[in-house]
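query_3.cif (mmCIF, C-alpha atoms, pLDDT in the B column; chains and numbers go by the auth columns)
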```cif
data_start
loop_
_atom_site.group_PDB
_atom_site.id
_atom_site.type_symbol
_atom_site.label_atom_id
_atom_site.label_comp_id
_atom_site.label_asym_id
_atom_site.label_seq_id
_atom_site.Cartn_x
_atom_site.Cartn_y
_atom_site.Cartn_z
_atom_site.B_iso_or_equiv
_atom_site.auth_seq_id
_atom_site.auth_asym_id
ATOM 1 C CA MET A 1 -6.785 19.178 32.672 42.00 1 A
ATOM 2 C CA ILE A 2 -4.659 17.919 29.733 40.00 2 A
ATOM 3 C CA ALA A 3 -0.957 17.779 30.468 41.00 3 A
ATOM 4 C CA HIS A 4 0.969 20.335 28.457 42.00 4 A
ATOM 5 C CA HIS A 5 3.398 17.737 27.094 43.00 5 A
ATOM 6 C CA THR A 6 0.642 15.723 25.376 42.00 6 A
ATOM 7 C CA LEU A 7 -0.300 18.442 22.915 42.00 7 A
ATOM 8 C CA PRO A 8 2.782 18.092 20.638 43.00 8 A
ATOM 9 C CA GLN A 9 2.351 14.312 20.605 42.00 9 A
ATOM 10 C CA TYR A 10 -1.273 14.693 19.555 38.00 10 A
ATOM 11 C CA THR A 11 -0.285 17.191 16.864 37.00 11 A
ATOM 12 C CA GLN A 12 2.415 14.828 15.576 38.00 12 A
ATOM 13 C CA MET A 13 0.020 11.884 15.564 35.00 13 A
ATOM 14 C CA LYS A 14 -2.553 13.906 13.650 39.00 14 A
ATOM 15 C CA ALA A 15 0.055 14.981 11.070 39.00 15 A
ATOM 16 C CA ASP A 16 1.280 11.389 10.664 43.00 16 A
ATOM 17 C CA SER A 17 -2.244 10.112 10.078 38.00 17 A
ATOM 18 C CA ARG A 18 -2.522 12.294 6.970 43.00 18 A
ATOM 19 C CA ARG A 19 0.441 10.485 5.440 53.00 19 A
ATOM 20 C CA LYS A 20 -1.058 7.040 5.843 80.00 20 A
ATOM 21 C CA ILE A 21 -1.961 5.126 2.755 90.00 21 A
ATOM 22 C CA VAL A 22 -5.657 4.487 2.188 94.00 22 A
ATOM 23 C CA PRO A 23 -5.814 0.727 1.602 95.00 23 A
ATOM 24 C CA LYS A 24 -8.610 0.844 -0.999 95.00 24 A
ATOM 25 C CA ALA A 25 -6.934 3.605 -3.023 95.00 25 A
ATOM 26 C CA PHE A 26 -3.642 1.723 -2.864 97.00 26 A
ATOM 27 C CA ALA A 27 -5.387 -1.462 -4.028 97.00 27 A
ATOM 28 C CA ASP A 28 -6.772 0.376 -7.057 97.00 28 A
ATOM 29 C CA LYS A 29 -3.260 1.554 -8.010 97.00 29 A
ATOM 30 C CA LEU A 30 -1.761 -1.886 -7.404 97.00 30 A
ATOM 31 C CA ASN A 31 -4.398 -3.475 -9.616 97.00 31 A
ATOM 32 C CA GLN A 32 -3.652 -0.878 -12.309 97.00 32 A
ATOM 33 C CA CYS A 33 -0.003 -1.957 -12.156 97.00 33 A
ATOM 34 C CA LEU A 34 -1.036 -5.559 -12.645 97.00 34 A
ATOM 35 C CA ASP A 35 -3.324 -4.569 -15.531 97.00 35 A
ATOM 36 C CA GLU A 36 -0.328 -2.935 -17.212 96.00 36 A
ATOM 37 C CA ILE A 37 1.576 -6.228 -17.230 96.00 37 A
ATOM 38 C CA ASP A 38 -1.508 -8.100 -18.480 97.00 38 A
ATOM 39 C CA ALA A 39 -1.871 -10.120 -15.287 97.00 39 A
ATOM 40 C CA PRO A 40 -4.952 -12.340 -15.101 97.00 40 A
ATOM 41 C CA SER A 41 -8.012 -10.604 -13.655 96.00 41 A
ATOM 42 C CA SER A 42 -8.567 -13.209 -10.956 96.00 42 A
ATOM 43 C CA THR A 43 -7.551 -11.981 -7.511 95.00 43 A
ATOM 44 C CA ARG A 44 -6.312 -15.467 -6.697 97.00 44 A
ATOM 45 C CA GLU A 45 -3.886 -15.423 -9.641 98.00 45 A
ATOM 46 C CA ARG A 46 -2.847 -11.835 -8.944 98.00 46 A
ATOM 47 C CA ALA A 47 -2.138 -12.705 -5.318 98.00 47 A
ATOM 48 C CA ALA A 48 0.040 -15.605 -6.462 98.00 48 A
ATOM 49 C CA ILE A 49 1.982 -13.284 -8.809 97.00 49 A
ATOM 50 C CA LEU A 50 2.510 -10.676 -6.083 97.00 50 A
ATOM 51 C CA SER A 51 3.413 -13.284 -3.510 97.00 51 A
ATOM 52 C CA LYS A 52 6.103 -14.716 -5.726 97.00 52 A
ATOM 53 C CA SER A 53 7.516 -11.441 -7.078 95.00 53 A
ATOM 54 C CA LEU A 54 7.522 -9.601 -3.733 97.00 54 A
ATOM 55 C CA ASP A 55 8.285 -12.596 -1.526 97.00 55 A
ATOM 56 C CA ILE A 56 5.239 -12.096 0.688 98.00 56 A
ATOM 57 C CA PRO A 57 2.563 -14.568 1.845 98.00 57 A
ATOM 58 C CA LYS A 58 -0.344 -15.072 -0.570 97.00 58 A
ATOM 59 C CA GLN A 59 -2.883 -14.069 2.083 98.00 59 A
ATOM 60 C CA TYR A 60 -1.080 -10.755 2.599 98.00 60 A
ATOM 61 C CA ALA A 61 -0.934 -10.178 -1.167 98.00 61 A
ATOM 62 C CA TRP A 62 -4.657 -10.917 -1.333 98.00 62 A
ATOM 63 C CA SER A 63 -5.419 -8.381 1.414 97.00 63 A
ATOM 64 C CA LEU A 64 -3.355 -5.733 -0.416 98.00 64 A
ATOM 65 C CA LEU A 65 -5.232 -6.384 -3.650 98.00 65 A
ATOM 66 C CA GLU A 66 -8.616 -6.267 -1.926 97.00 66 A
ATOM 67 C CA GLY A 67 -7.866 -3.024 -0.072 96.00 67 A
ATOM 68 C CA GLN A 68 -7.994 -4.624 3.352 97.00 68 A
ATOM 69 C CA GLN A 69 -4.440 -3.571 4.255 96.00 69 A
ATOM 70 C CA ALA A 70 -1.873 -1.054 3.128 96.00 70 A
ATOM 71 C CA PRO A 71 1.823 -1.895 2.821 97.00 71 A
ATOM 72 C CA ASP A 72 4.493 -0.541 5.129 95.00 72 A
ATOM 73 C CA GLN A 73 7.039 1.880 3.680 95.00 73 A
ATOM 74 C CA ALA A 74 9.592 -0.826 2.800 96.00 74 A
ATOM 75 C CA LEU A 75 7.064 -2.899 0.869 97.00 75 A
ATOM 76 C CA LEU A 76 5.647 0.193 -0.803 97.00 76 A
ATOM 77 C CA GLU A 77 9.136 1.014 -2.087 96.00 77 A
ATOM 78 C CA LYS A 78 9.629 -2.568 -3.247 97.00 78 A
ATOM 79 C CA ILE A 79 6.327 -2.532 -5.151 97.00 79 A
ATOM 80 C CA ALA A 80 7.114 0.826 -6.763 97.00 80 A
ATOM 81 C CA THR A 81 10.485 -0.512 -7.891 97.00 81 A
ATOM 82 C CA GLU A 82 9.030 -3.802 -9.113 96.00 82 A
ATOM 83 C CA PHE A 83 6.413 -2.072 -11.265 97.00 83 A
ATOM 84 C CA GLU A 84 8.602 0.914 -12.138 97.00 84 A
ATOM 85 C CA VAL A 85 6.082 3.469 -10.888 97.00 85 A
ATOM 86 C CA ASP A 86 6.420 6.615 -8.826 96.00 86 A
ATOM 87 C CA ILE A 87 6.087 5.855 -5.130 95.00 87 A
ATOM 88 C CA LYS A 88 3.996 8.992 -4.582 94.00 88 A
ATOM 89 C CA TRP A 89 1.555 7.909 -7.289 95.00 89 A
ATOM 90 C CA LEU A 90 1.361 4.415 -5.823 96.00 90 A
ATOM 91 C CA SER A 91 0.742 5.697 -2.299 93.00 91 A
ATOM 92 C CA GLY A 92 -1.869 8.172 -3.492 87.00 92 A
ATOM 93 C CA GLU A 93 0.135 11.289 -2.603 84.00 93 A
ATOM 94 C CA LYS A 94 0.261 12.388 -6.241 74.00 94 A
#
```
Before anything else, please render the file you have as structure tokens.
Amino acid sequence: MIAHHTLPQYTQMKADSRRKIVPKAFADKLNQCLDEIDAPSSTRERAAILSKSLDIPKQYAWSLLEGQQAPDQALLEKIATEFEVDIKWLSGEK
């Protein structure tokens, strides 16, 4: 028998999972942002640009660009500010 107190936690977890950013969709938006500033098409060069402008490791920037990871909320806000885009658009909510 499932304990009664676990049901709200499960419901909350399920609701939270809908708000998560899909890494591949985020990567597409991030690459669009870089296209807008005429960044080179090479992922290596784009990762270097992101690493420097966002103060993150190049490997992490690479994984964001390739859709292997999604940013946390703080980095998402920083990216939206850096590229002057709507955070909901960038996260795929809009």
Exactly which residues make up the result of the PyMOL selection byres ((chain A and resi 43-45) around 10) on this file, given as a compact mmCIF listing (two decimals) with C-alpha atoms, in the frame of the given file?
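So the final result, stored in out-v7.txt, reads:
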```txt
# COMPACT_ATOMS: atom_id res chain seq x y z
CA ASN A 31 -4.40 -3.48 -9.62
CA ALA A 39 -1.87 -10.12 -15.29
CA PRO A 40 -4.95 -12.34 -15.10
CA SER A 41 -8.01 -10.60 -13.66
CA SER A 42 -8.57 -13.21 -10.96
CA ARG A 46 -2.85 -11.84 -8.94
CA ALA A 47 -2.14 -12.70 -5.32
CA ALA A 48 0.04 -15.60 -6.46
CA ILE A 49 1.98 -13.28 -8.81
CA LEU A 50 2.51 -10.68 -6.08
CA SER A 51 3.41 -13.28 -3.51
CA LYS A 58 -0.34 -15.07 -0.57
CA GLN A 59 -2.88 -14.07 2.08
CA ALA A 61 -0.93 -10.18 -1.17
CA TRP A 62 -4.66 -10.92 -1.33
CA SER A 63 -5.42 -8.38 1.41
CA LEU A 65 -5.23 -6.38 -3.65
CA GLU A 66 -8.62 -6.27 -1.93
```
Result set, the PyMOL selection byres ((chain A and resi 24) around 8) on current file, as a PyMOL selection string = chain A and resi 22-23+25-28+66-68
Give me the residues near Gly92 of chain A as a compact mmCIF listing (two decimals) with C-alpha atoms, in the frame of the given file, where near means some atom within 9 Å (using all atoms listed in the file) and where sequence neighbours in that chain fewer than 2 positions away do not count.
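Done, and the output landed in part-v6.txt:
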```txt
# COMPACT_ATOMS: atom_id res chain seq x y z
CA ILE A 21 -1.96 5.13 2.76
CA VAL A 22 -5.66 4.49 2.19
CA ALA A 25 -6.93 3.60 -3.02
CA PHE A 26 -3.64 1.72 -2.86
CA LYS A 29 -3.26 1.55 -8.01
CA ILE A 87 6.09 5.86 -5.13
CA LYS A 88 4.00 8.99 -4.58
CA TRP A 89 1.56 7.91 -7.29
CA LEU A 90 1.36 4.42 -5.82
CA LYS A 94 0.26 12.39 -6.24
```
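Computed from the coordinates, the atom CA of Leu30 of chain A to atom CA of Ser53 of chain A distance equals 13.3 Å.
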Atomic distance atom CA of Ile79 of chain A - atom CA of Cys33 of chain A, expressed in Å with one decimal = 9.5 Å
Point out the residue among A:Glu84, A:Asp38, A:Tyr60, A:Lys52 with the least atom-to-atom distance to Asp72 of chain A, counting only C-alpha atoms.
-> A:Tyr60
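Atom pair atom CA of Ala80 of chain A / atom CA of Pro57 of chain A has a distance of 18.2 Å (rounded to one decimal).
Checking A:Leu64, A:Ala70, A:Ile37, A:Leu54 one by one against Lys20 of chain A, counting only C-alpha atoms, you find the shortest gap at A:Ala70.
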